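**Student:** Next up is a structure, given as structure tokens.
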Amino acid sequence: MTSYETLHQPLRVGIVGSGFVAKLRTEIFSQDPRIIVTAIAGNLEKSQAIANEFAIANVHQYWSELVMRPDIDLVVVCNVNRDHAAVVGQALRSGKHVIVEYPLSFSLSEAEELVKLAQQQNLMLHVEHIELLGGVHQLVMEHLAKIGTPFYARYSTKSPQRPVPDKWTYKPDLFGFPLTAAVSRLNRIIVLFGKVKSVSCQLRYSGDNLPRHFTSCVCNAQLQFENGVIADIGYSKGENFWQPERIMELQGSDGALIFSGDKGKLITADGTLELDAGTTRGLFKKDTENVLLHLFSGTPLYTSHESILHSLAVANAAEKSAIANQIITL
């Protein structure tokens with residue numbers, strides 16, 4: 001892809017979405033003199049508030065109007081998960097570069113078509129996976145060789161919320177299957193260990209208004225990697241959980257890496273090394289900076305379509321497993 005510097009200055013951005021991430025992205029872009037946020041689309045009241053704060057000239061109720069604008073070069077997709085694929089597809093067909101929050105789509109086949117479309121159009125399609133930029137992942141990459149041959153991994157998050165809000169993130173049709181919606185849980189392990197050969201998954205929702213709205217969910221998957229690593233992935237949230245948790249554990253022949261939150265340990269025969277991953281603040285800024293370097297200078301993106309598509313394939317297999325109550329082979 002040619003450097004964007006030779007095409008347009010400033011880079012003209014359209015934001016699809018009006019929630020926390022949309023506002024954060026807009027704030028980051030507004031600090032860069034090479035960028036102008038031309039338009040925003042989403043909930044009219046929220047979009048107008050963001051537009052007022054950051055002097056965005058054009059507010060749309062419908063994303064379909066925004067992605068067709070000739071005065072936009074880059075579309076940033078941060079609306080409900082269900083609509084990601086539709087927005088990305090229309091933006092690419094309209095000749096726009098795209099940043100999209102994960103997941104790229106609910107289905108692997110649709111995601112593969114979008115990646116192919118971006119390549120055919122010679123356009124950037126960047127799927128945000130800021131977990132790869134975080135301190136925990138960076139420390140794991142730095143110290144992984146010290147634990148010898150890995151054989152077991154675990155990543156588990158629990159997020160109590162009481163009462164659960166009437167938000168799209170608790171509505172399965174908008175949020176998606178939990179490990180598709182939270183595909184970063186899979187991606188961070190897949191980036192480390194490669195291809196998964198089989199998946200087993202269990203899912204349980206709780207609530208008085210199922211299936212439209214849940215108040216708790218627990219989704220656990222067991223992955224068997226081609227290289228022999230076994231991994232347990234857990235995603236739980238809602239009213240039925242009482243203590244937050246974020247655990248990452250990697251066991252190897254010569255040691256272990258174990259994180260609880262942002263504090264971790266490298267344990268080997270030589271002793272224990274304390275590790276501090278620091279804050280998770282600022283990761284969206286790092287993500288945006290990487291994208292702009294890619295567009296303006298050709299610097300590689302920190303994510304790859306290969307790992308993104310494989311993570312989605314695993315998520316789809318996990319959903320099939322949860323429905324059929326059987327192991328799914330990829």
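How things are named: the first chain in the structure tokens is A, the next is B, and so on; residues count from 1 in each chain; ligands count from 1 in the order shown.
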Give me the residues within 12 Å of A:Ala315 as a ChimeraX atom specification, counting only C-alpha atoms and dropping any in the same chain fewer than 4 places off.
**Tutor:** /A:103,105-108,176-187,190,196,198-201,219-223,233,308-311,319-322,328,330
**Student:** Just the selected residues (N, CA and C atoms), exported as a compact mmCIF listing (two decimals), in the first residue's frame, please.
**Tutor:**
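Output file result_18.txt is given in full below:
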# COMPACT_ATOMS: atom_id res chain seq x y z
N PRO A 103 -14.91 -7.77 17.52
CA PRO A 103 -14.54 -8.69 16.44
C PRO A 103 -14.80 -8.06 15.07
N SER A 105 -16.07 -9.63 12.58
CA SER A 105 -17.42 -10.09 12.26
C SER A 105 -17.78 -11.23 13.19
N PHE A 106 -19.02 -11.69 13.13
CA PHE A 106 -19.44 -12.85 13.92
C PHE A 106 -19.02 -14.16 13.25
N SER A 107 -18.85 -14.17 11.93
CA SER A 107 -18.56 -15.42 11.23
C SER A 107 -17.22 -15.36 10.52
N LEU A 108 -16.53 -16.49 10.51
CA LEU A 108 -15.23 -16.59 9.84
C LEU A 108 -15.35 -16.32 8.35
N GLY A 176 -23.03 -10.84 20.55
CA GLY A 176 -22.47 -12.03 19.93
C GLY A 176 -22.13 -13.10 20.95
N PHE A 177 -21.75 -14.26 20.46
CA PHE A 177 -21.25 -15.34 21.32
C PHE A 177 -20.08 -14.79 22.15
N PRO A 178 -20.03 -15.07 23.47
CA PRO A 178 -19.05 -14.39 24.32
C PRO A 178 -17.60 -14.46 23.85
N LEU A 179 -17.14 -15.60 23.35
CA LEU A 179 -15.75 -15.70 22.93
C LEU A 179 -15.53 -15.18 21.51
N THR A 180 -16.60 -14.81 20.82
CA THR A 180 -16.47 -14.02 19.59
C THR A 180 -16.40 -12.55 19.95
N ALA A 181 -17.32 -12.11 20.80
CA ALA A 181 -17.32 -10.73 21.27
C ALA A 181 -16.02 -10.39 21.99
N ALA A 182 -15.52 -11.35 22.76
CA ALA A 182 -14.27 -11.16 23.52
C ALA A 182 -13.17 -12.01 22.91
N VAL A 183 -13.05 -11.96 21.58
CA VAL A 183 -12.10 -12.82 20.87
C VAL A 183 -10.65 -12.49 21.24
N SER A 184 -10.42 -11.36 21.87
CA SER A 184 -9.06 -11.03 22.34
C SER A 184 -8.55 -12.07 23.33
N ARG A 185 -9.47 -12.70 24.07
CA ARG A 185 -9.05 -13.74 25.03
C ARG A 185 -8.40 -14.90 24.31
N LEU A 186 -8.92 -15.22 23.13
CA LEU A 186 -8.33 -16.28 22.32
C LEU A 186 -7.09 -15.79 21.59
N ASN A 187 -7.18 -14.60 21.03
CA ASN A 187 -6.10 -14.09 20.18
C ASN A 187 -4.78 -13.97 20.92
N ILE A 190 -3.34 -17.44 21.00
CA ILE A 190 -3.04 -17.92 19.65
C ILE A 190 -1.79 -17.25 19.09
N VAL A 196 -4.71 -23.83 16.56
CA VAL A 196 -5.49 -24.70 17.43
C VAL A 196 -6.06 -25.84 16.59
N SER A 198 -8.27 -28.40 18.11
CA SER A 198 -9.60 -28.79 18.59
C SER A 198 -10.04 -27.90 19.74
N VAL A 199 -11.37 -27.78 19.90
CA VAL A 199 -11.98 -26.88 20.88
C VAL A 199 -13.13 -27.58 21.57
N SER A 200 -13.21 -27.39 22.90
CA SER A 200 -14.39 -27.78 23.67
C SER A 200 -14.83 -26.56 24.46
N CYS A 201 -16.15 -26.29 24.49
CA CYS A 201 -16.61 -25.06 25.13
C CYS A 201 -17.93 -25.27 25.83
N CYS A 219 -18.50 -18.45 30.19
CA CYS A 219 -18.12 -19.14 28.96
C CYS A 219 -16.68 -19.62 29.13
N ASN A 220 -16.50 -20.93 29.12
CA ASN A 220 -15.18 -21.53 29.29
C ASN A 220 -14.86 -22.41 28.10
N ALA A 221 -13.64 -22.30 27.59
CA ALA A 221 -13.21 -23.12 26.46
C ALA A 221 -11.87 -23.77 26.76
N GLN A 222 -11.72 -24.98 26.23
CA GLN A 222 -10.46 -25.70 26.32
C GLN A 222 -9.92 -25.87 24.91
N LEU A 223 -8.70 -25.42 24.69
CA LEU A 223 -8.07 -25.46 23.38
C LEU A 223 -6.92 -26.46 23.37
N ILE A 233 -9.53 -21.11 28.56
CA ILE A 233 -9.91 -19.72 28.38
C ILE A 233 -11.26 -19.49 29.06
N ILE A 308 -5.87 -13.02 13.34
CA ILE A 308 -7.24 -12.53 13.55
C ILE A 308 -8.25 -13.54 13.00
N LEU A 309 -8.00 -14.04 11.79
CA LEU A 309 -8.92 -15.00 11.18
C LEU A 309 -8.90 -16.33 11.92
N HIS A 310 -7.72 -16.77 12.36
CA HIS A 310 -7.67 -18.05 13.08
C HIS A 310 -8.36 -17.92 14.44
N SER A 311 -8.20 -16.79 15.10
CA SER A 311 -8.89 -16.58 16.38
C SER A 311 -10.40 -16.63 16.20
N GLU A 319 -18.33 -21.81 19.69
CA GLU A 319 -19.78 -21.64 19.68
C GLU A 319 -20.47 -22.95 19.27
N LYS A 320 -19.95 -23.60 18.22
CA LYS A 320 -20.52 -24.88 17.79
C LYS A 320 -20.42 -25.92 18.90
N SER A 321 -19.28 -25.92 19.60
CA SER A 321 -19.07 -26.87 20.69
C SER A 321 -20.07 -26.65 21.82
N ALA A 322 -20.28 -25.38 22.16
CA ALA A 322 -21.22 -25.07 23.25
C ALA A 322 -22.64 -25.48 22.92
N ILE A 328 -15.01 -29.92 18.94
CA ILE A 328 -14.99 -29.54 17.53
C ILE A 328 -13.55 -29.51 17.04
N LEU A 330 -10.86 -28.36 14.22
CA LEU A 330 -10.71 -27.33 13.19
C LEU A 330 -10.05 -27.91 11.95
**Student:** Could you pull the residues within 6 Å of A:Gly42, counting only C-alpha atoms, minus those fewer than 4 positions along the same chain, as number ranges by chain?
**Tutor:** A: 17-18, 47, 61
**Student:** Just to confirm, what's the straight-line distance from atom CA of A:Arg82 to atom CA of A:Leu174 in Å (one decimal)?
**Tutor:**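 Atom CA of A:Arg82 sits 4.9 Å away from atom CA of A:Leu174.
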**Student:** Within 12 Å of A:Thr288, counting only C-alpha atoms, which residues show up once you throw out same-chain ones fewer than 5 positions away? Write them as a ChimeraX atom specification, please.
**Tutor:** /A:21,24-32,35,74,76,98-101,126-130,133,282-283,293-295,301-302
**Student:** So how far away is atom CA of A:Asn316 from atom CA of A:Val115, in Å?
**Tutor:**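 Straight-line distance from atom CA of A:Val115 to atom CA of A:Asn316 works out to 17.2 Å.
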**Student:** Would you please work out which residue, of A:Gly264, A:Gly207, A:Gly95, A:Gly278, is nearest to A:His143 when using only C-alpha atoms?
**Tutor:**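 The answer is A:Gly264, which sits nearest to A:His143.
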**Student:** So, counting only C-alpha atoms, which residue among A:His213, A:Lys158, A:His305, A:Arg34 is closest to A:Ser236?
**Tutor:** A:Lys158
**Student:** Quick one: of A:Cys217, A:Leu266, A:Met141, A:Leu104, who's nearest to A:Phe193, counting only C-alpha atoms?
**Tutor:**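 Using only C-alpha atoms, the shortest distance to A:Phe193 belongs to A:Met141.
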**Student:** Just the strand (DSSP E or B) stuff from stretch 44-74 of chain A, please, per backbone DSSP, written as a list of chain:residue names.
**Tutor:**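 Output for stretch 44-74 of chain A, strand (DSSP E or B) only: A:Asn58, A:Val59, A:His60, A:Leu74.
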**Student:** Could you turn the residues from that selection into a file that holds all heavy atoms, as a PDB file, in the first residue's frame?
**Tutor:**
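That gives us part08.pdb:
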ATOM      1  N   ASN A  58     -19.899  17.361  10.878  1.00  0.00           N
ATOM      2  CA  ASN A  58     -21.018  16.595  10.329  1.00  0.00           C
ATOM      3  C   ASN A  58     -21.429  15.464  11.266  1.00  0.00           C
ATOM      4  O   ASN A  58     -20.592  14.644  11.661  1.00  0.00           O
ATOM      5  CB  ASN A  58     -20.627  16.013   8.971  1.00  0.00           C
ATOM      6  CG  ASN A  58     -20.174  17.075   7.990  1.00  0.00           C
ATOM      7  OD1 ASN A  58     -20.986  17.820   7.450  1.00  0.00           O
ATOM      8  ND2 ASN A  58     -18.868  17.170   7.774  1.00  0.00           N
ATOM      9  N   VAL A  59     -22.710  15.403  11.602  1.00  0.00           N
ATOM     10  CA  VAL A  59     -23.259  14.367  12.471  1.00  0.00           C
ATOM     11  C   VAL A  59     -24.339  13.612  11.703  1.00  0.00           C
ATOM     12  O   VAL A  59     -25.237  14.229  11.124  1.00  0.00           O
ATOM     13  CB  VAL A  59     -23.858  14.964  13.761  1.00  0.00           C
ATOM     14  CG1 VAL A  59     -24.487  13.870  14.620  1.00  0.00           C
ATOM     15  CG2 VAL A  59     -22.778  15.700  14.547  1.00  0.00           C
ATOM     16  N   HIS A  60     -24.225  12.277  11.689  1.00  0.00           N
ATOM     17  CA  HIS A  60     -25.196  11.438  10.989  1.00  0.00           C
ATOM     18  C   HIS A  60     -25.862  10.486  11.969  1.00  0.00           C
ATOM     19  O   HIS A  60     -25.216   9.975  12.883  1.00  0.00           O
ATOM     20  CB  HIS A  60     -24.512  10.610   9.896  1.00  0.00           C
ATOM     21  CG  HIS A  60     -23.907  11.423   8.802  1.00  0.00           C
ATOM     22  ND1 HIS A  60     -24.638  11.895   7.732  1.00  0.00           N
ATOM     23  CD2 HIS A  60     -22.633  11.864   8.615  1.00  0.00           C
ATOM     24  CE1 HIS A  60     -23.836  12.586   6.931  1.00  0.00           C
ATOM     25  NE2 HIS A  60     -22.615  12.581   7.440  1.00  0.00           N
ATOM     26  N   LEU A  74     -10.634   7.519   5.977  1.00  0.00           N
ATOM     27  CA  LEU A  74     -10.492   6.452   6.965  1.00  0.00           C
ATOM     28  C   LEU A  74     -11.751   6.387   7.811  1.00  0.00           C
ATOM     29  O   LEU A  74     -12.175   7.403   8.369  1.00  0.00           O
ATOM     30  CB  LEU A  74      -9.274   6.720   7.865  1.00  0.00           C
ATOM     31  CG  LEU A  74      -9.109   5.868   9.124  1.00  0.00           C
ATOM     32  CD1 LEU A  74      -8.844   4.404   8.768  1.00  0.00           C
ATOM     33  CD2 LEU A  74      -7.974   6.413   9.997  1.00  0.00           C
TER      34      LEU A  74
END
**Student:** Which of these, A:Ala22, A:Leu11, A:Val37, A:Ala86, has the shortest distance to A:Ser64 once you count only C-alpha atoms?
**Tutor:** A:Ala86
**Student:** Using only C-alpha atoms, determine which residues lie at most 8 Å from A:Gly89, disregarding the query and same-chain residues fewer than 3 positions distant; provide the list as a list in words.
**Tutor:**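 The filter keeps Ala85, Ala86, Leu92, Arg93, Leu114 and Leu117 of chain A.
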**Student:** Which parts of stretch 182-266 of chain A does DSSP call alpha helix (DSSP H) when run on the backbone here, written out as a list of chain:residue names?
**Tutor:**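 After running DSSP on the backbone, stretch 182-266 of chain A has alpha helix (DSSP H) at A:Ser184, A:Arg185, A:Leu186, A:Asn187, A:Arg188, A:Ile189, A:Ile190, A:Val191, A:Leu192, A:Phe193.
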**Student:** Looking at only C-alpha atoms, which of A:Asn209, A:Thr279, A:Asn81, A:Gln243 is the one that sits closest to A:Asp166?
**Tutor:**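 Smallest separation from A:Asp166 among the options: A:Asn209.
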**Student:** Calculated over only C-alpha atoms, which of the candidates A:Trp168, A:Tyr102, A:Tyr152, A:Tyr205 has the smallest distance to A:Phe225?
**Tutor:** A:Tyr152
**Student:** Just the residues within 7 Å of A:Ser159, please, counting only C-alpha atoms, with nothing from its chain fewer than 4 positions along; format it as a list in words.
**Tutor:**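 Returned residues: Ser236, Lys237, Gly238, Phe241, Pro244 and Glu245 of chain A.
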